[in-house]
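*Asks:* So that you have it, the file is model-v3.txt, and it contains compact mmCIF, C-alpha atoms and all ligand atoms:
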```
# COMPACT_ATOMS: atom_id res chain seq x y z
CA MET K 1 82.89 79.70 92.29
CA ALA K 2 85.86 82.07 92.38
CA THR K 3 85.43 85.09 94.67
CA TYR K 4 87.10 88.34 93.65
CA ILE K 5 86.42 91.10 96.18
CA ILE K 6 87.49 94.73 95.85
CA LEU K 7 87.87 96.66 99.09
CA LEU K 8 87.15 100.32 98.40
CA GLY K 9 87.61 103.21 100.80
CA MET K 10 89.60 106.26 101.65
CA GLN K 11 93.22 105.96 102.73
CA GLY K 12 93.27 104.87 106.37
CA ALA K 13 89.76 103.35 106.22
CA GLY K 14 91.18 99.89 106.97
CA LYS K 15 91.41 98.17 103.57
CA GLY K 16 94.77 96.55 104.35
CA THR K 17 93.67 95.55 107.85
CA GLN K 18 90.47 93.91 106.60
CA ALA K 19 92.04 92.35 103.49
CA ALA K 20 94.43 90.43 105.76
CA VAL K 21 91.49 89.10 107.82
CA LEU K 22 89.38 88.15 104.78
CA SER K 23 92.31 86.55 102.99
CA LYS K 24 92.89 84.23 105.95
CA ARG K 25 89.18 83.46 106.42
CA LEU K 26 88.43 82.80 102.74
CA GLY K 27 91.76 81.20 101.79
CA VAL K 28 92.36 83.52 98.83
CA PRO K 29 95.35 85.86 98.43
CA HIS K 30 95.51 89.48 99.57
CA VAL K 31 96.47 91.45 96.46
CA THR K 32 97.73 94.90 97.43
CA THR K 33 99.22 97.10 94.73
CA GLY K 34 100.64 99.45 97.40
CA GLY K 35 102.30 96.43 99.05
CA LEU K 36 103.63 95.13 95.73
CA PHE K 37 105.10 98.57 94.97
CA ARG K 38 106.59 98.91 98.47
CA ALA K 39 108.25 95.50 98.02
CA MET K 40 110.21 97.10 95.15
CA GLU K 41 111.82 99.57 97.59
CA GLY K 42 115.60 99.39 97.40
CA GLN K 43 115.60 97.59 94.03
CA ASP K 44 118.30 98.88 91.71
CA SER K 45 116.22 99.91 88.69
CA ASP K 46 114.96 103.21 87.30
CA LEU K 47 111.37 101.93 87.43
CA ALA K 48 111.63 100.97 91.11
CA ARG K 49 113.17 104.37 92.00
CA GLN K 50 110.50 106.19 89.98
CA ILE K 51 107.71 104.30 91.78
CA GLN K 52 109.12 105.04 95.26
CA ALA K 53 109.34 108.77 94.41
CA ILE K 54 105.72 108.82 93.16
CA MET K 55 104.47 107.03 96.30
CA LYS K 56 106.42 109.28 98.67
CA ARG K 57 104.69 112.31 97.14
CA GLY K 58 101.31 110.62 97.55
CA ASP K 59 100.63 110.52 93.79
CA LEU K 60 99.25 107.56 91.83
CA VAL K 61 101.53 105.21 89.92
CA PRO K 62 100.59 105.27 86.17
CA ASP K 63 97.77 102.92 85.18
CA ASP K 64 99.82 100.86 82.70
CA ILE K 65 102.46 99.99 85.31
CA THR K 66 99.81 99.22 87.94
CA VAL K 67 97.78 96.97 85.64
CA ALA K 68 100.94 95.11 84.53
CA VAL K 69 101.79 94.36 88.18
CA VAL K 70 98.26 93.04 88.84
CA ARG K 71 98.23 90.98 85.64
CA GLN K 72 101.43 89.27 86.77
CA ARG K 73 100.05 88.68 90.29
CA LEU K 74 96.79 87.18 88.98
CA ALA K 75 98.76 84.75 86.83
CA ALA K 76 100.03 82.99 90.00
CA PRO K 77 98.16 79.73 90.73
CA ASP K 78 96.97 80.87 94.18
CA ALA K 79 94.79 83.58 92.57
CA ALA K 80 92.81 81.12 90.44
CA ASN K 81 90.06 80.77 93.05
CA GLY K 82 89.76 84.41 93.94
CA ALA K 83 91.51 87.34 95.58
CA ILE K 84 90.92 90.25 97.92
CA PHE K 85 92.03 93.44 96.17
CA ASP K 86 93.27 96.20 98.46
CA GLY K 87 94.04 99.57 96.82
CA PHE K 88 93.25 98.35 93.30
CA PRO K 89 91.51 99.45 91.14
CA ARG K 90 91.82 103.14 91.90
CA THR K 91 90.89 104.73 88.55
CA LEU K 92 88.25 103.94 85.94
CA PRO K 93 90.82 102.65 83.41
CA GLN K 94 92.14 100.29 86.12
CA ALA K 95 88.60 99.04 86.85
CA GLN K 96 88.03 98.37 83.15
CA ALA K 97 91.39 96.61 82.91
CA LEU K 98 90.50 94.44 85.90
CA ASP K 99 87.22 93.42 84.27
CA ALA K 100 89.16 92.37 81.18
CA LEU K 101 91.77 90.44 83.23
CA LEU K 102 89.07 88.59 85.17
CA ALA K 103 87.11 87.86 81.98
CA GLU K 104 90.24 86.09 80.69
CA LEU K 105 89.96 83.85 83.77
CA GLY K 106 86.23 83.36 83.17
CA ALA K 107 85.47 85.37 86.31
CA GLU K 108 84.14 88.76 87.41
CA VAL K 109 84.18 91.07 90.42
CA SER K 110 81.88 89.48 93.01
CA LEU K 111 81.59 92.26 95.55
CA ALA K 112 82.89 95.79 96.11
CA PRO K 113 82.46 96.78 99.78
CA LEU K 114 83.09 100.47 100.49
CA LEU K 115 84.62 101.18 103.90
CA THR K 116 83.29 104.58 104.95
CA LEU K 117 85.13 106.88 107.36
CA ASP K 118 85.42 110.61 107.82
CA ARG K 119 88.55 112.38 106.68
CA GLU K 120 89.69 113.58 110.14
CA GLU K 121 89.56 110.05 111.59
CA ALA K 122 91.34 108.66 108.50
CA ILE K 123 94.23 111.12 108.92
CA ALA K 124 94.39 110.40 112.65
CA ARG K 125 94.62 106.66 111.94
CA ILE K 126 97.29 107.12 109.26
CA SER K 127 99.51 109.26 111.48
CA ALA K 128 99.44 106.58 114.21
CA ARG K 129 100.02 103.62 111.87
CA TRP K 130 103.13 101.42 112.19
CA GLU K 131 103.87 98.36 110.05
CA CYS K 132 106.14 95.35 110.41
CA THR K 133 109.44 95.59 108.50
CA LEU K 134 109.39 91.83 107.82
CA ASP K 135 105.74 91.39 106.77
CA PRO K 136 103.99 94.73 106.07
CA THR K 137 100.55 93.07 106.21
CA HIS K 138 101.08 93.11 110.01
CA VAL K 139 99.69 96.60 110.66
CA TYR K 140 99.37 98.35 114.04
CA ASN K 141 98.05 101.62 115.31
CA MET K 142 99.56 103.37 118.32
CA ARG K 143 96.16 104.78 119.21
CA THR K 144 93.65 102.06 118.34
CA ASN K 145 95.56 98.80 117.88
CA PRO K 146 99.00 98.99 119.56
CA PRO K 147 101.55 96.15 119.58
CA LYS K 148 102.16 94.46 122.96
CA VAL K 149 105.76 95.75 123.02
CA PRO K 150 106.20 99.26 121.55
CA GLY K 151 108.03 99.21 118.19
CA ILE K 152 107.98 95.38 117.88
CA CYS K 153 105.66 93.16 115.80
CA ASP K 154 103.54 90.82 117.98
CA ILE K 155 103.60 88.11 115.32
CA ASP K 156 107.25 87.82 114.31
CA GLY K 157 109.21 90.10 116.67
CA ALA K 158 110.55 92.28 113.82
CA PRO K 159 110.93 96.05 114.29
CA LEU K 160 108.01 98.25 113.20
CA ARG K 161 108.32 101.34 110.98
CA GLN K 162 106.19 104.23 109.76
CA ARG K 163 105.53 104.39 106.02
CA PRO K 164 107.38 107.17 104.14
CA ASP K 165 104.02 108.33 102.67
CA ASP K 166 102.34 108.62 106.06
CA THR K 167 103.41 112.23 106.62
CA PRO K 168 100.40 114.57 107.16
CA GLU K 169 101.12 116.26 103.77
CA ALA K 170 101.29 113.03 101.73
CA ALA K 171 98.29 111.55 103.57
CA ALA K 172 96.19 114.65 102.80
CA LYS K 173 97.23 114.47 99.15
CA ARG K 174 96.38 110.76 98.93
CA ILE K 175 92.92 111.45 100.32
CA ASP K 176 92.38 114.31 97.84
CA THR K 177 93.37 111.89 95.05
CA PHE K 178 90.82 109.39 96.36
CA PHE K 179 88.01 111.93 95.88
CA GLU K 180 89.33 113.03 92.51
CA LYS K 181 90.33 109.76 90.84
CA THR K 182 88.81 106.88 92.78
CA ALA K 183 85.36 108.23 93.72
CA PRO K 184 84.05 107.75 90.12
CA LEU K 185 84.56 104.02 90.63
CA LEU K 186 81.86 103.98 93.26
CA ASP K 187 79.15 104.61 90.66
CA TYR K 188 80.78 102.08 88.35
CA TYR K 189 80.25 99.30 90.91
CA ARG K 190 77.03 100.73 92.35
CA ALA K 191 75.44 100.50 88.90
CA ARG K 192 76.18 96.76 88.94
CA GLY K 193 74.57 96.33 92.34
CA ILE K 194 77.77 95.03 93.97
CA LEU K 195 78.79 98.09 96.00
CA HIS K 196 77.84 97.88 99.69
CA GLU K 197 78.77 100.45 102.32
CA VAL K 198 80.29 99.30 105.60
CA ASP K 199 80.81 101.72 108.50
CA ALA K 200 84.59 101.66 109.03
CA ALA K 201 84.38 103.75 112.21
CA GLN K 202 83.44 100.56 114.10
CA SER K 203 86.04 98.32 115.76
CA ILE K 204 88.27 96.18 113.52
CA GLU K 205 86.32 93.07 114.63
CA ALA K 206 82.91 94.66 113.92
CA VAL K 207 84.03 95.73 110.43
CA SER K 208 85.30 92.19 109.71
CA ALA K 209 81.99 90.72 110.88
CA ALA K 210 80.02 93.09 108.63
CA LEU K 211 82.21 92.19 105.64
CA LEU K 212 81.88 88.45 106.27
CA GLN K 213 78.12 88.84 106.52
CA LEU K 214 78.04 90.57 103.12
CA ILE K 215 80.18 87.82 101.59
CA GLU K 216 77.92 85.09 103.02
CA ALA K 217 74.81 86.87 101.76
CA LYS K 218 76.38 87.12 98.31
CA GLY K 219 77.21 83.40 98.40
CA ARG K 220 73.55 82.57 99.18
CA ALA K 221 72.17 84.87 96.43
P1 LIG M 301 98.33 101.86 99.53
O1 LIG M 301 99.35 101.03 100.15
O2 LIG M 301 97.15 101.20 98.93
O3 LIG M 301 97.90 102.93 100.59
P2 LIG M 301 96.60 103.82 100.69
O4 LIG M 301 95.64 103.73 99.59
O5 LIG M 301 97.15 105.17 100.95
O6 LIG M 301 95.76 103.23 101.82
P3 LIG M 301 96.26 102.97 103.26
O7 LIG M 301 97.15 101.80 103.26
O8 LIG M 301 96.79 104.25 103.83
O9 LIG M 301 94.89 102.69 104.01
P4 LIG M 301 94.17 101.35 104.40
O10 LIG M 301 92.73 101.54 104.03
O11 LIG M 301 94.86 100.14 103.87
O12 LIG M 301 94.27 101.40 105.98
P5 LIG M 301 94.92 100.39 107.06
O13 LIG M 301 94.23 99.06 107.03
O14 LIG M 301 96.40 100.40 107.00
O15 LIG M 301 98.98 102.78 98.40
C1 LIG M 301 100.18 103.49 98.64
C2 LIG M 301 100.62 104.20 97.37
O16 LIG M 301 100.93 103.22 96.36
C3 LIG M 301 99.60 105.11 96.69
O17 LIG M 301 99.58 106.40 97.28
C4 LIG M 301 100.12 105.11 95.25
O18 LIG M 301 101.26 105.93 95.12
C5 LIG M 301 100.56 103.66 95.06
N1 LIG M 301 99.46 102.80 94.58
C6 LIG M 301 98.92 101.73 95.22
N2 LIG M 301 97.94 101.19 94.50
C7 LIG M 301 97.83 101.94 93.38
C8 LIG M 301 96.97 101.88 92.24
N3 LIG M 301 96.01 100.95 92.15
N4 LIG M 301 97.14 102.80 91.27
C9 LIG M 301 98.09 103.74 91.34
N5 LIG M 301 98.94 103.86 92.40
C10 LIG M 301 98.81 102.97 93.40
O19 LIG M 301 94.44 101.12 108.42
C11 LIG M 301 94.98 102.39 108.76
C12 LIG M 301 95.31 102.43 110.25
O20 LIG M 301 94.12 102.36 111.02
C13 LIG M 301 96.19 101.27 110.74
O21 LIG M 301 97.06 101.77 111.71
C14 LIG M 301 95.18 100.28 111.38
O22 LIG M 301 95.76 99.54 112.45
C15 LIG M 301 94.10 101.22 111.88
N6 LIG M 301 92.74 100.65 111.77
C16 LIG M 301 92.24 99.93 110.73
N7 LIG M 301 90.95 99.61 110.95
C17 LIG M 301 90.62 100.18 112.15
C18 LIG M 301 89.42 100.20 112.93
N8 LIG M 301 88.27 99.62 112.50
N9 LIG M 301 89.43 100.86 114.11
C19 LIG M 301 90.57 101.46 114.53
N10 LIG M 301 91.74 101.48 113.88
C20 LIG M 301 91.76 100.83 112.68
MG MG M 302 96.76 99.80 103.02
```
Let's see the structure in the file written out as structure tokens.
Ligand code: AP5
Ligand code: MG
*Replies:*
Amino acid sequence: MATYIILLGMQGAGKGTQAAVLSKRLGVPHVTTGGLFRAMEGQDSDLARQIQAIMKRGDLVPDDITVAVVRQRLAAPDAANGAIFDGFPRTLPQAQALDALLAELGAEVSLAPLLTLDREEAIARISARWECTLDPTHVYNMRTNPPKVPGICDIDGAPLRQRPDDTPEAAAKRIDTFFEKTAPLLDYYRARGILHEVDAAQSIEAVSAALLQLIEAKGRA
């Protein structure tokens, strides 16, 4: 059966980090709206420039644009057996749109783990985050998960960079937006019995193990 998993959690909680691990373990794609939008950086179109400006401020991209990007991504053959969603959905209209998109595929959201972390630790993680310029799913942290050689990706040797929206101001705004716009989603998934909290203050490996345990338990149910 297809497995569509939504990773929920505050900015900096580790959604991207864990989505990369789960994607590899389960053999389903890592679908990150933030990553898809960042890949449009430098494109010569008004839409691409508009999106980069919205992200830099730490605001949300409009729902219709976001849903269109996900619809296109889900149409690719590799998403037919499932996906790990990272950073999507983030508003109630997006969650409803995702239900409709999955229903078209004869599927539904299987599990919605919520990575819990306190705000101070989330901001500390974000300000020490560096990502690979070649493959931004290779994410490091100067404090908790540093590369072997400073400024260089362990996996492909490309230079690392800090994200333009990882300034303390934009990070604080993104977290405020999480409480304002994304928190209502928690009840949406809780009511279906598919929301499970995972303590994201643990090590990266311990969080992965907890997530895999949840996924196995779901598979047995
Ligand atoms: P997006 O790219 O989704 O960013 P975000 O939501 O701000 O979340 P982050 O990437 O900051 O956090 P994360 O949970 O992935 O943490 P990570 O694994 O990197 O979105 C960016 C922007 O795009 C949005 O602001 C918006 O403008 C737009 N956008 C995207 N999706 C949208 C949507 N659906 N609707 C509208 N607009 C949208 O971990 C953080 C750091 O901590 C890393 O350095 C990592 O190495 C480290 N770390 C991770 N886990 C641990 C651990 N267990 N212990 C120690 N360190 C850890
Ligand atoms: Mg991320």
*Asks:* When distances are computed from only C-alpha atoms and all ligand atoms, which of K:Ile126, K:Ile5, K:Ala76, K:Ile51 shows the smallest separation from ligand MG 302 (chain M)?
*Replies:*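 Of all the options, K:Ile126 lies closest to ligand MG 302 (chain M).
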*Asks:* Of the residues K:Leu105, K:Leu8, K:Leu111, K:Ala20, which is the one nearest to Thr137 (chain K), using only C-alpha atoms?
*Replies:* K:Ala20
*Asks:* Using only C-alpha atoms, which residues sit within 10 Å of Ala200 (chain K) once same-chain residues fewer than 2 positions away are excluded, as a PyMOL selection string?
*Replies:* chain K and resi 9+12-15+114-118+122+197-198+202-204+206-208+210
*Asks:* Counting only C-alpha atoms and all ligand atoms, what are the residues, protein, DNA or RNA alike, that approach ligand LIG 301 (chain M) to within 6 Å? I want them as a VMD selection string.
*Replies:* chain K and resid 11 to 17 33 to 35 54 to 55 58 to 62 66 87 to 90 125 to 126 128 to 129 139 to 141 144 to 145 174 200 to 204
*Asks:* Go through K:Ala103, K:Leu186, K:Leu195, K:Leu36 one by one, measure the shortest atom-to-atom distance of each to ligand MG 302 (chain M) using only C-alpha atoms and all ligand atoms, and give the residue with the smallest value.
*Replies:*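 Comparing K:Ala103, K:Leu186, K:Leu195, K:Leu36 against ligand MG 302 (chain M), the winner is K:Leu36.
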*Asks:* I'd like the interatomic distance between CA of Ala80 (chain K) and CA of Glu41 (chain K), to a tenth of an Å.
*Replies:*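 That distance, rounded to one decimal, is 27.4 Å.
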*Asks:* Report, in Å to a single decimal, how far apart CA of Glu108 (chain K) and CA of Lys218 (chain K) are.
*Replies:*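 Separating CA of Lys218 (chain K) from CA of Glu108 (chain K) is a distance of 13.5 Å.
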*Asks:* Enter the distance from CA of Lys148 (chain K) to CA of Ala19 (chain K), in Å, rounded to one decimal.
*Replies:*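 Straight-line distance from CA of Lys148 (chain K) to CA of Ala19 (chain K) works out to 22.0 Å.
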*Asks:* Reconstruct N, CA, C and O atoms of region 97-111 of chain K; output as a PDB file, keeping the file's coordinate frame.
*Replies:*
```
ATOM      1  N   ALA K  97      90.330  97.601  83.153  1.00  0.00           N
ATOM      2  CA  ALA K  97      91.390  96.610  82.910  1.00  0.00           C
ATOM      3  C   ALA K  97      91.183  95.379  83.782  1.00  0.00           C
ATOM      4  O   ALA K  97      91.400  94.244  83.335  1.00  0.00           O
ATOM      5  N   LEU K  98      90.739  95.588  85.013  1.00  0.00           N
ATOM      6  CA  LEU K  98      90.500  94.440  85.900  1.00  0.00           C
ATOM      7  C   LEU K  98      89.369  93.574  85.353  1.00  0.00           C
ATOM      8  O   LEU K  98      89.464  92.344  85.355  1.00  0.00           O
ATOM      9  N   ASP K  99      88.312  94.201  84.866  1.00  0.00           N
ATOM     10  CA  ASP K  99      87.220  93.420  84.270  1.00  0.00           C
ATOM     11  C   ASP K  99      87.747  92.546  83.140  1.00  0.00           C
ATOM     12  O   ASP K  99      87.374  91.377  83.023  1.00  0.00           O
ATOM     13  N   ALA K 100      88.619  93.132  82.315  1.00  0.00           N
ATOM     14  CA  ALA K 100      89.160  92.370  81.180  1.00  0.00           C
ATOM     15  C   ALA K 100      90.052  91.226  81.666  1.00  0.00           C
ATOM     16  O   ALA K 100      89.974  90.103  81.154  1.00  0.00           O
ATOM     17  N   LEU K 101      90.881  91.495  82.710  1.00  0.00           N
ATOM     18  CA  LEU K 101      91.770  90.440  83.230  1.00  0.00           C
ATOM     19  C   LEU K 101      90.957  89.296  83.817  1.00  0.00           C
ATOM     20  O   LEU K 101      91.264  88.115  83.600  1.00  0.00           O
ATOM     21  N   LEU K 102      89.892  89.645  84.555  1.00  0.00           N
ATOM     22  CA  LEU K 102      89.070  88.590  85.170  1.00  0.00           C
ATOM     23  C   LEU K 102      88.292  87.830  84.102  1.00  0.00           C
ATOM     24  O   LEU K 102      88.115  86.615  84.212  1.00  0.00           O
ATOM     25  N   ALA K 103      87.840  88.542  83.062  1.00  0.00           N
ATOM     26  CA  ALA K 103      87.110  87.860  81.980  1.00  0.00           C
ATOM     27  C   ALA K 103      87.999  86.795  81.332  1.00  0.00           C
ATOM     28  O   ALA K 103      87.534  85.714  80.984  1.00  0.00           O
ATOM     29  N   GLU K 104      89.309  87.088  81.244  1.00  0.00           N
ATOM     30  CA  GLU K 104      90.240  86.090  80.690  1.00  0.00           C
ATOM     31  C   GLU K 104      90.258  84.823  81.541  1.00  0.00           C
ATOM     32  O   GLU K 104      90.529  83.734  81.061  1.00  0.00           O
ATOM     33  N   LEU K 105      89.975  85.008  82.860  1.00  0.00           N
ATOM     34  CA  LEU K 105      89.960  83.850  83.770  1.00  0.00           C
ATOM     35  C   LEU K 105      88.548  83.261  83.872  1.00  0.00           C
ATOM     36  O   LEU K 105      88.293  82.371  84.689  1.00  0.00           O
ATOM     37  N   GLY K 106      87.622  83.816  83.111  1.00  0.00           N
ATOM     38  CA  GLY K 106      86.230  83.360  83.170  1.00  0.00           C
ATOM     39  C   GLY K 106      85.552  83.794  84.457  1.00  0.00           C
ATOM     40  O   GLY K 106      84.633  83.134  84.957  1.00  0.00           O
ATOM     41  N   ALA K 107      86.012  84.929  85.016  1.00  0.00           N
ATOM     42  CA  ALA K 107      85.470  85.370  86.310  1.00  0.00           C
ATOM     43  C   ALA K 107      85.052  86.842  86.224  1.00  0.00           C
ATOM     44  O   ALA K 107      85.204  87.490  85.180  1.00  0.00           O
ATOM     45  N   GLU K 108      84.519  87.340  87.338  1.00  0.00           N
ATOM     46  CA  GLU K 108      84.140  88.760  87.410  1.00  0.00           C
ATOM     47  C   GLU K 108      84.240  89.221  88.859  1.00  0.00           C
ATOM     48  O   GLU K 108      84.392  88.398  89.766  1.00  0.00           O
ATOM     49  N   VAL K 109      84.148  90.542  89.049  1.00  0.00           N
ATOM     50  CA  VAL K 109      84.180  91.070  90.420  1.00  0.00           C
ATOM     51  C   VAL K 109      82.906  90.621  91.123  1.00  0.00           C
ATOM     52  O   VAL K 109      81.804  90.810  90.614  1.00  0.00           O
ATOM     53  N   SER K 110      83.044  90.003  92.294  1.00  0.00           N
ATOM     54  CA  SER K 110      81.880  89.480  93.010  1.00  0.00           C
ATOM     55  C   SER K 110      81.229  90.545  93.868  1.00  0.00           C
ATOM     56  O   SER K 110      80.012  90.612  93.984  1.00  0.00           O
ATOM     57  N   LEU K 111      82.082  91.340  94.530  1.00  0.00           N
ATOM     58  CA  LEU K 111      81.590  92.260  95.550  1.00  0.00           C
ATOM     59  C   LEU K 111      82.560  93.421  95.695  1.00  0.00           C
ATOM     60  O   LEU K 111      83.775  93.219  95.592  1.00  0.00           O
TER      61      LEU K 111
END
```
